[in-house]
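This report refers to the structure that appears directly beneath it.
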Amino acid sequence: MPIITLPDGSLKTYNSTVTPLKIAEDISNSLKKSSVIAKVNGEYWDLSREILEDSKVAIIKKGDPETIDIIRHDCAHILAEAVLEIFPETQVTIGPVIENGFYYDFYRKTPFTTEDLAIIEKRMHEIVNRNESINREVLSRDDALKFYEDKNEPFKVELIRDIPNDQQLTFYKQGLFTDLCRGPHLRSTHDTGHAFKLMSVAGAYWRGDSNKPMLQRIYGTAWINEKDLIKHLTMLEEAEKRDHRKLGKAQQLFHIQEEATGSIFWHPSGWTIYQEIEAYIRRRLKKADYQEVKTPQLIDRKLWESSGHWEKFREHMFTSETDEKQTLALKPMNCPGHIQIFKQGLKSFRDLPLRLSEFGACHRNEPSGALHGIMRVRAFTQDDAHIFCTEEQINNESVSFCELLTSIYNDFGFENITIKFSDRPEIRAGDDKTWDQAEKALMDASDVAGLDVIMNPGEGAFYGPKLEFVLRDAIGRDWQCGTLQVDFVLPERLKAEYIATDGSKRRPVMLHRAILGSMERWFGILIEQYAGKWPLWLAPNQIVICTITQDADKYSDEIEMRAEKLGLRVLVDKRNEKIGYKIREHSEKKVPILFIIGNKEIDNKEVSIRRLGSKDQKNIDLEEALTIIELEALPPDLARMKKT
């Protein structure tokens with residue numbers, strides 16, 4: 001006789017097993033009609049699955065946000081059903097939900113084409129319209145193996161053989177298609193709706209192993225309704241226009257080539273922007289009492305073993321052997337190096353908090369398939385810092401850091417920030433008591449800082465819990481950049497200590513923190529955030545002086561000299577081209593300000609100003625123009641100082 005507790009606290013008692021669908025019907029016919037899934041004791045269940053014991057049950061209706069991942073999972077099954085109907089020789093493997101959509105991996109000798117995707121998508125819509133019921137079945141291991149062996153599905157057979165014997169094997173059937181799956185699923189294919197689209201096809205090794213067969217992975221996106229689908233597709237179109245790789249090439253900011261896979265060749269314009277960002281961060285950190293340091297690139301593996309990084313990151317570390325058989329590793333992160341600096345000389349409680357920052361050049365052996373422009377590279381620079389403090393100082397340091405991070409993000413135009421709290425991962429260093437202490441300390445600090453955190457279970461660093469700061473860009477995409485981690489483990493492993501007020505030796509707490517994350521990825525995010533239209537303080541060429549005739553050459557040189565004395569970045573275009581051509585070309589390159597110089601401007605000691613995005617030109621006195629632009633071109637932190 002299961003007793004069902006509903007979300008409002010009311011109870012329903014049944015004389016025998018009951019399904020969520022029956023519970024919905026007992027509440028109201030309208031709820032029965034609109035229900036698509038249930039939440040039973042915190043887990044999502046099919047509406048037809050029997051409840052055998054006392055349970056907390058919530059009925060999820062069509063259109064509720066909780067249905068999105070179920071819809072995407074259903075779409076993966078509908079995709080597989082459509083492929084098998086059109087290309088019956090295909091073998092199926094797996095089809096999980098991913099961010100914004102789903103994919104399914106297939107084994108087929110003939111490659112899928114773009115035309116095939118259109119045909120498959122059309123069949124998927126037909127399957128939705130068929131309103132095929134989706135039913136859950138449990139099979140014995142022998143029956144499951146026979147089912148897939150008879151269908152010549154070796155990939156599914158392999159999956160079943162790898163599932164532990166004590167786990168139940170569940171299958172979902174819709175029409176003539178049956179798939180090995182934990183579920184849950186909606187009641188029918190009709191419930192999925194038509195707000196989906198197939199996006200692309202790519203290669204993928206079976207189980208991610210390059211020694212195993214190459215599969216074809218069809219990607220799709222799916223949403224609760226057509227409005228959300230259109231919004232997502234529009235965002236993707238805008239993202240394509242803003243792609244940092246295309247804009248980086250068009251603006252000649254950087255390039256990447258095979259001879260240095262995963263490393264960046266910075267061109268003059270790109271390096272100018274890079275240096276401006278670095279100088280800005282350096283000023284902000286200096287004002288916040290950070291001390292900048294620099295640690296070695298190559299460090300003996302013994303230190304990495306002591307810190308625990310060797311065990312955790314060995315496969316991603318580049319190593320080198322010396323003639324003395326010493327194994328050196330290019331550092332993948334800066335933490336152990338900063339502890340070595342802390343350990344030099346005796347430290348007391350009076351030295352804490354000690355804030356050490358570094359633009360740390362790091363290297364990680366990322367798989368070539370994971371590399372993506374300058375967003376995911378093998379050689380990168382972290383705006384890294386570590387704060388050594390006492391337990392009592394954690395709250396104040398966390399609050400100060402969060403204020404600094406928020407201010408910096410705002411200066412770059414990011415105001416929508418989400419914060420995730422990532423607790424202990426399955427594989428970690430330190431005992432549970434240490435983790436309890438670290439997680440409590442970070443949660444207390446979050447409360448003191450007034451942060452509204454979202455729990456992100458199991459995603460902490462191997463040495464401590466962390467806050468992940470996720471910013472939303474101009475077209476609605478989320479980027480995880482900044483982090484704050486509380487670490488009791490590494491100071492213990494690497495024997496860092498200070499003299500406490502009572503004269504005893506104690507381990508400092510180590511706060512790992514980053515704001516931008518990596519300079520390269522941040523640069524790529526900014527390109528796409530601004531769509532290549534750099535704010536004046538970051539623009540590699542803030543002013544381009546375009547001459548109308550050769551008579552203006554001398555005056556343009558004079559303007560250039562005076563502007564550069566004010567710290568402005570100026571380029572003079574004296575080419576023998578029509579002024580309309582020059583304006584169009586520099587506007588396409590997204591130069592913020594153009595000075596148009598002709599005889600009138602020479603005679604009146606003026607400049608004709610044309611700003612990016614405007615077709616209007618305004619003549620203004622040269623001195624006045626330079627004074628205005630000098631103020632406009634100040635970085636945000638210096639502009640605030642100027643105002644005060």
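Identifiers in this document derive from the order of the structure tokens: chains are assigned A, B, ..., residues are numbered from 1 separately in each chain, and ligands are numbered from 1 in order of occurrence.
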- Excluding stretch 502-510 of chain A and residues on its chain fewer than 3 positions from it, collect all residues at most 12 Å away from it, counting only C-alpha atoms, and give them as an MDAnalysis selection string. chainID A and resid 335:336 338:339 342:343 346:356 385:395 397:398 434 437:438 441:442 463:466 484:499 513
How about saving the chosen residues, C-alpha atoms kept, as a short mmCIF file (atom, residue, chain, number, x, y, z; two decimals), in the first residue's frame?
```cif
data_model
loop_
_atom_site.label_atom_id
_atom_site.label_comp_id
_atom_site.auth_asym_id
_atom_site.auth_seq_id
_atom_site.Cartn_x
_atom_site.Cartn_y
_atom_site.Cartn_z
CA CYS A 335 50.06 26.16 -7.99
CA PRO A 336 53.11 24.13 -6.84
CA HIS A 338 53.74 29.48 -5.93
CA ILE A 339 53.97 27.28 -2.86
CA PHE A 342 55.84 30.95 -0.17
CA LYS A 343 58.18 28.47 1.50
CA LEU A 346 60.09 32.08 7.51
CA LYS A 347 56.49 33.31 7.31
CA SER A 348 54.37 34.46 10.23
CA PHE A 349 50.70 35.29 10.67
CA ARG A 350 51.70 38.93 10.12
CA ASP A 351 52.64 38.09 6.51
CA LEU A 352 49.16 36.78 5.78
CA PRO A 353 47.23 37.13 3.63
CA LEU A 354 49.97 36.84 1.01
CA ARG A 355 48.65 37.26 -2.53
CA LEU A 356 50.93 35.98 -5.30
CA ALA A 385 47.00 33.90 -8.38
CA HIS A 386 47.13 32.17 -5.02
CA ILE A 387 46.21 33.70 -1.70
CA PHE A 388 47.90 32.20 1.35
CA CYS A 389 45.83 33.01 4.42
CA THR A 390 44.52 31.77 7.76
CA GLU A 391 41.12 30.10 8.08
CA GLU A 392 39.82 33.27 9.73
CA GLN A 393 40.79 35.28 6.64
CA ILE A 394 38.95 33.11 4.10
CA ASN A 395 35.71 35.10 4.24
CA GLU A 397 39.56 37.33 1.01
CA SER A 398 36.66 35.65 -0.80
CA THR A 434 39.47 17.79 5.11
CA GLN A 437 36.21 21.53 6.30
CA ALA A 438 37.02 23.02 2.88
CA ALA A 441 34.65 27.19 4.51
CA LEU A 442 33.82 27.95 0.87
CA TYR A 463 42.43 19.24 -4.07
CA GLY A 464 39.42 21.34 -3.10
CA PRO A 465 35.92 22.69 -3.80
CA LYS A 466 35.52 25.67 -6.07
CA LEU A 484 37.84 30.46 -6.59
CA GLN A 485 39.03 27.31 -4.81
CA VAL A 486 39.62 26.60 -1.14
CA ASP A 487 42.55 24.22 -0.71
CA PHE A 488 43.70 22.58 2.51
CA VAL A 489 45.41 19.73 0.63
CA LEU A 490 48.36 21.17 -1.34
CA PRO A 491 49.80 23.19 1.58
CA GLU A 492 49.83 19.94 3.54
CA ARG A 493 51.31 17.83 0.74
CA LEU A 494 54.02 20.39 -0.04
CA LYS A 495 54.64 21.27 3.61
CA ALA A 496 53.89 24.99 3.54
CA GLU A 497 53.71 26.55 7.00
CA TYR A 498 53.67 29.80 8.95
CA ILE A 499 54.18 30.79 12.58
CA ARG A 513 41.77 32.08 -8.00
#
```
- Message: So that I can check the surroundings of A:Lys22, please list as a PyMOL selection string every protein, DNA and RNA residue that reaches within 12 Å of it, counting only C-alpha atoms and ignoring chain neighbours fewer than 4 positions away.
- Response: chain A and resi 4+12+14+16-18+26-29+31-33+35+38+46-51+57+59
- Message: My list of candidates is A:Leu52, A:Ile256, A:Leu538, A:Val157. Which is closest to A:Gln91 when distances are computed with only C-alpha atoms?
- Response: A:Val157
- Task: One decimal, Å: what's the distance from atom CA of A:Val92 over to atom CA of A:Ala370, could you say?
- Result: 24.2 Å
- Of the listed residues A:Leu186, A:Ile127, A:Ile160, A:Leu371, that which approaches A:Phe147 most closely, counting only C-alpha atoms: A:Ile160
When DSSP works through the backbone of this structure, what residues of stretch 269-389 of chain A end up as strand (DSSP E), shown as a PDB file with N, CA and C atoms, in the first residue's frame?
```pdb
ATOM      1  N   GLN A 291      51.182  40.581  -5.287  1.00  0.00           N
ATOM      2  CA  GLN A 291      52.582  40.685  -5.677  1.00  0.00           C
ATOM      3  C   GLN A 291      52.828  39.738  -6.848  1.00  0.00           C
ATOM      4  N   GLU A 292      53.329  40.294  -7.945  1.00  0.00           N
ATOM      5  CA  GLU A 292      53.511  39.469  -9.137  1.00  0.00           C
ATOM      6  C   GLU A 292      54.814  38.676  -9.053  1.00  0.00           C
ATOM      7  N   LEU A 298      59.904  24.539 -16.694  1.00  0.00           N
ATOM      8  CA  LEU A 298      60.268  23.132 -16.526  1.00  0.00           C
ATOM      9  C   LEU A 298      60.534  22.837 -15.054  1.00  0.00           C
ATOM     10  N   ILE A 299      59.819  21.850 -14.527  1.00  0.00           N
ATOM     11  CA  ILE A 299      59.973  21.480 -13.119  1.00  0.00           C
ATOM     12  C   ILE A 299      60.075  19.959 -13.019  1.00  0.00           C
ATOM     13  N   ASP A 300      60.941  19.492 -12.145  1.00  0.00           N
ATOM     14  CA  ASP A 300      61.156  18.056 -11.958  1.00  0.00           C
ATOM     15  C   ASP A 300      59.862  17.344 -11.584  1.00  0.00           C
ATOM     16  N   THR A 319      56.748  16.248 -21.291  1.00  0.00           N
ATOM     17  CA  THR A 319      57.919  15.955 -20.468  1.00  0.00           C
ATOM     18  C   THR A 319      59.183  15.901 -21.315  1.00  0.00           C
ATOM     19  N   SER A 320      60.310  16.005 -20.621  1.00  0.00           N
ATOM     20  CA  SER A 320      61.611  15.946 -21.285  1.00  0.00           C
ATOM     21  C   SER A 320      62.604  15.272 -20.353  1.00  0.00           C
ATOM     22  N   GLU A 321      63.510  14.493 -20.922  1.00  0.00           N
ATOM     23  CA  GLU A 321      64.542  13.805 -20.143  1.00  0.00           C
ATOM     24  C   GLU A 321      65.881  14.524 -20.324  1.00  0.00           C
ATOM     25  N   THR A 327      63.618  13.653 -15.150  1.00  0.00           N
ATOM     26  CA  THR A 327      62.398  13.894 -15.912  1.00  0.00           C
ATOM     27  C   THR A 327      61.832  15.256 -15.532  1.00  0.00           C
ATOM     28  N   LEU A 328      61.770  16.125 -16.528  1.00  0.00           N
ATOM     29  CA  LEU A 328      61.218  17.458 -16.320  1.00  0.00           C
ATOM     30  C   LEU A 328      59.878  17.558 -17.040  1.00  0.00           C
ATOM     31  N   ALA A 329      58.953  18.319 -16.477  1.00  0.00           N
ATOM     32  CA  ALA A 329      57.640  18.499 -17.093  1.00  0.00           C
ATOM     33  C   ALA A 329      57.362  19.979 -17.286  1.00  0.00           C
ATOM     34  N   LEU A 330      56.845  20.324 -18.467  1.00  0.00           N
ATOM     35  CA  LEU A 330      56.343  21.680 -18.670  1.00  0.00           C
ATOM     36  C   LEU A 330      55.121  21.855 -17.774  1.00  0.00           C
ATOM     37  N   LEU A 354      48.938  36.586   2.011  1.00  0.00           N
ATOM     38  CA  LEU A 354      49.966  36.839   1.010  1.00  0.00           C
ATOM     39  C   LEU A 354      49.372  36.473  -0.347  1.00  0.00           C
ATOM     40  N   ARG A 355      49.300  37.451  -1.230  1.00  0.00           N
ATOM     41  CA  ARG A 355      48.654  37.259  -2.529  1.00  0.00           C
ATOM     42  C   ARG A 355      49.720  37.267  -3.624  1.00  0.00           C
ATOM     43  N   LEU A 356      49.926  36.112  -4.242  1.00  0.00           N
ATOM     44  CA  LEU A 356      50.931  35.975  -5.301  1.00  0.00           C
ATOM     45  C   LEU A 356      50.229  35.778  -6.641  1.00  0.00           C
ATOM     46  N   SER A 357      50.528  36.640  -7.603  1.00  0.00           N
ATOM     47  CA  SER A 357      49.899  36.544  -8.926  1.00  0.00           C
ATOM     48  C   SER A 357      50.951  36.249  -9.983  1.00  0.00           C
ATOM     49  N   GLU A 358      50.498  35.689 -11.084  1.00  0.00           N
ATOM     50  CA  GLU A 358      51.417  35.375 -12.185  1.00  0.00           C
ATOM     51  C   GLU A 358      50.638  35.262 -13.480  1.00  0.00           C
ATOM     52  N   PHE A 359      51.174  35.855 -14.531  1.00  0.00           N
ATOM     53  CA  PHE A 359      50.706  35.537 -15.873  1.00  0.00           C
ATOM     54  C   PHE A 359      51.491  34.287 -16.279  1.00  0.00           C
ATOM     55  N   GLY A 360      50.970  33.155 -15.838  1.00  0.00           N
ATOM     56  CA  GLY A 360      51.723  31.912 -15.927  1.00  0.00           C
ATOM     57  C   GLY A 360      51.553  31.199 -17.251  1.00  0.00           C
ATOM     58  N   ALA A 361      52.641  31.040 -17.987  1.00  0.00           N
ATOM     59  CA  ALA A 361      52.612  30.308 -19.253  1.00  0.00           C
ATOM     60  C   ALA A 361      52.553  28.815 -18.965  1.00  0.00           C
ATOM     61  N   CYS A 362      51.493  28.153 -19.407  1.00  0.00           N
ATOM     62  CA  CYS A 362      51.275  26.732 -19.114  1.00  0.00           C
ATOM     63  C   CYS A 362      51.107  25.942 -20.413  1.00  0.00           C
ATOM     64  N   HIS A 363      51.345  24.649 -20.309  1.00  0.00           N
ATOM     65  CA  HIS A 363      51.202  23.765 -21.466  1.00  0.00           C
ATOM     66  C   HIS A 363      50.445  22.504 -21.051  1.00  0.00           C
ATOM     67  N   ALA A 379      49.193  25.654 -25.528  1.00  0.00           N
ATOM     68  CA  ALA A 379      50.063  26.628 -24.862  1.00  0.00           C
ATOM     69  C   ALA A 379      49.227  27.854 -24.537  1.00  0.00           C
ATOM     70  N   PHE A 380      49.131  28.188 -23.258  1.00  0.00           N
ATOM     71  CA  PHE A 380      48.257  29.286 -22.862  1.00  0.00           C
ATOM     72  C   PHE A 380      48.821  29.972 -21.620  1.00  0.00           C
ATOM     73  N   THR A 381      48.283  31.132 -21.333  1.00  0.00           N
ATOM     74  CA  THR A 381      48.724  31.918 -20.180  1.00  0.00           C
ATOM     75  C   THR A 381      47.545  32.136 -19.240  1.00  0.00           C
ATOM     76  N   GLN A 382      47.710  31.741 -17.993  1.00  0.00           N
ATOM     77  CA  GLN A 382      46.668  31.940 -16.985  1.00  0.00           C
ATOM     78  C   GLN A 382      46.892  33.257 -16.243  1.00  0.00           C
ATOM     79  N   ASP A 383      45.814  33.975 -15.988  1.00  0.00           N
ATOM     80  CA  ASP A 383      45.917  35.126 -15.079  1.00  0.00           C
ATOM     81  C   ASP A 383      45.725  34.559 -13.666  1.00  0.00           C
ATOM     82  N   ASP A 384      46.722  33.859 -13.219  1.00  0.00           N
ATOM     83  CA  ASP A 384      46.621  33.017 -12.040  1.00  0.00           C
ATOM     84  C   ASP A 384      47.067  33.765 -10.790  1.00  0.00           C
ATOM     85  N   ALA A 385      46.522  33.368  -9.659  1.00  0.00           N
ATOM     86  CA  ALA A 385      46.996  33.902  -8.380  1.00  0.00           C
ATOM     87  C   ALA A 385      46.607  32.952  -7.270  1.00  0.00           C
ATOM     88  N   HIS A 386      47.395  32.987  -6.205  1.00  0.00           N
ATOM     89  CA  HIS A 386      47.126  32.165  -5.020  1.00  0.00           C
ATOM     90  C   HIS A 386      47.250  33.037  -3.787  1.00  0.00           C
ATOM     91  N   ILE A 387      46.244  32.924  -2.936  1.00  0.00           N
ATOM     92  CA  ILE A 387      46.210  33.705  -1.702  1.00  0.00           C
ATOM     93  C   ILE A 387      46.482  32.755  -0.537  1.00  0.00           C
ATOM     94  N   PHE A 388      47.563  32.992   0.171  1.00  0.00           N
ATOM     95  CA  PHE A 388      47.899  32.199   1.352  1.00  0.00           C
ATOM     96  C   PHE A 388      47.360  32.963   2.565  1.00  0.00           C
ATOM     97  N   CYS A 389      46.488  32.311   3.324  1.00  0.00           N
ATOM     98  CA  CYS A 389      45.831  33.012   4.423  1.00  0.00           C
ATOM     99  C   CYS A 389      45.512  32.048   5.560  1.00  0.00           C
TER     100      CYS A 389
END
```
- Name the residues in contact with A:Trp206 at a cut-off of 12 Å, using only C-alpha atoms, excluding same-chain residues fewer than 3 positions from it; report them as a ChimeraX atom specification. /A:92-94,104-107,154-156,158-159,203,209-217
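Distance-wise, atom CA of A:Ile341 and atom CA of A:Ile408 end up 27.0 Å apart.
Counting only C-alpha atoms, A:Glu132 has the following residues at most 7 Å away, ignoring those fewer than 3 positions along the same chain: A:Gln174, A:Gly175, A:Ser188, A:Thr189.
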Put those residues in a file: N, CA and C atoms, as a short mmCIF file (atom, residue, chain, number, x, y, z; two decimals), in the first residue's frame.
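Okay, selection_39.cif is ready:
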```cif
data_model
loop_
_atom_site.label_atom_id
_atom_site.label_comp_id
_atom_site.auth_asym_id
_atom_site.auth_seq_id
_atom_site.Cartn_x
_atom_site.Cartn_y
_atom_site.Cartn_z
N GLN A 174 9.66 1.93 -29.41
CA GLN A 174 8.73 2.83 -30.09
C GLN A 174 8.60 2.35 -31.52
N GLY A 175 7.41 2.05 -31.97
CA GLY A 175 7.24 1.48 -33.30
C GLY A 175 8.00 0.17 -33.41
N SER A 188 4.89 9.21 -25.68
CA SER A 188 4.86 8.85 -27.10
C SER A 188 5.76 9.79 -27.89
N THR A 189 6.01 9.42 -29.12
CA THR A 189 6.84 10.27 -29.97
C THR A 189 6.16 11.62 -30.21
#
```
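Of the residues under consideration (A:Glu415, A:Ala445, A:Ala429, A:Leu176), A:Ala445 shows the shortest atom-to-atom contact distance to A:Val399 when counting only C-alpha atoms.
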- Item | Secondary structure check, helix (DSSP H, G or I) residues of stretch 247-485 of chain A, as JSON, numbers by chain | {"A": [247, 248, 249, 250, 258, 259, 260, 268, 269, 270, 271, 272, 273, 274, 275, 276, 277, 278, 279, 280, 281, 282, 283, 284, 285, 286, 287, 301, 302, 303, 304, 305, 306, 307, 309, 310, 311, 312, 313, 314, 315, 316, 335, 336, 337, 338, 339, 340, 341, 342, 343, 349, 350, 351, 368, 369, 370, 391, 392, 393, 394, 395, 396, 397, 398, 399, 400, 401, 402, 403, 404, 405, 406, 407, 408, 409, 410, 411, 432, 433, 434, 435, 436, 437, 438, 439, 440, 441, 442, 443, 444, 445, 446, 447, 448]}
- Go ahead and compute the interatomic distance for atom CA of A:Glu558 and atom CA of A:Val570, in Å to one decimal. 11.6 Å
- Task: Determine, counting only C-alpha atoms, which protein, DNA and RNA residues have an atom within 9 Å of an atom of stretch 109-113 of chain A; residues of the same chain fewer than 6 positions away are not included. Present the result as an MDAnalysis selection string.
- Result: chainID A and resid 90 201 216 218
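All residues of protein, DNA or RNA that reach within 9 Å of stretch 257-268 of chain A, judged by only C-alpha atoms and not counting those fewer than 3 positions away in the chain, are Gln252, Leu253, Phe254, Trp271, Thr272, Ile273, Tyr274, Asn365, Glu366, Ser368, Leu371, His372, Gly373, Ile374, Arg376, Val377, Arg378, Ala379, Phe380, Glu520 and Pro540 of chain A.
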Export C-alpha atoms of the chosen residues as an mmCIF file, in the first residue's frame?
```
data_model
loop_
_atom_site.group_PDB
_atom_site.id
_atom_site.type_symbol
_atom_site.label_atom_id
_atom_site.label_comp_id
_atom_site.auth_asym_id
_atom_site.auth_seq_id
_atom_site.Cartn_x
_atom_site.Cartn_y
_atom_site.Cartn_z
ATOM 1 C CA GLN A 252 45.114 40.044 -38.730
ATOM 2 C CA LEU A 253 45.249 39.448 -34.977
ATOM 3 C CA PHE A 254 46.816 35.967 -34.885
ATOM 4 C CA TRP A 271 49.533 41.475 -29.483
ATOM 5 C CA THR A 272 48.663 45.117 -28.908
ATOM 6 C CA ILE A 273 45.240 44.102 -27.605
ATOM 7 C CA TYR A 274 46.767 41.265 -25.565
ATOM 8 C CA ASN A 365 48.760 18.069 -24.142
ATOM 9 C CA GLU A 366 45.158 18.418 -25.241
ATOM 10 C CA SER A 368 44.116 17.467 -31.351
ATOM 11 C CA LEU A 371 41.563 22.082 -30.013
ATOM 12 C CA HIS A 372 39.439 25.029 -31.126
ATOM 13 C CA GLY A 373 40.985 28.236 -32.430
ATOM 14 C CA ILE A 374 42.410 30.153 -29.477
ATOM 15 C CA ARG A 376 41.183 25.554 -26.584
ATOM 16 C CA VAL A 377 44.950 25.373 -27.062
ATOM 17 C CA ARG A 378 48.005 23.561 -25.764
ATOM 18 C CA ALA A 379 50.063 26.628 -24.862
ATOM 19 C CA PHE A 380 48.257 29.286 -22.862
ATOM 20 C CA GLU A 520 43.958 33.174 -25.030
ATOM 21 C CA PRO A 540 44.818 48.092 -32.001
#
```
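Considering the residues A:Val138, A:Ile224, A:Leu145, A:Met333 and counting only C-alpha atoms, A:Ile71 has its shortest atom-to-atom contact with A:Ile224.
Using only C-alpha atoms for every distance, the candidate list A:Ala633, A:Ile98, A:Ile417, A:Val544 yields A:Val544 as the residue closest to A:Lys590.
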- Skip A:Gly476 itself and residues of its chain fewer than 4 positions away, then list as a ChimeraX atom specification all residues within 10 Å of it, counting only C-alpha atoms. /A:232,235,239,416,471-472,529
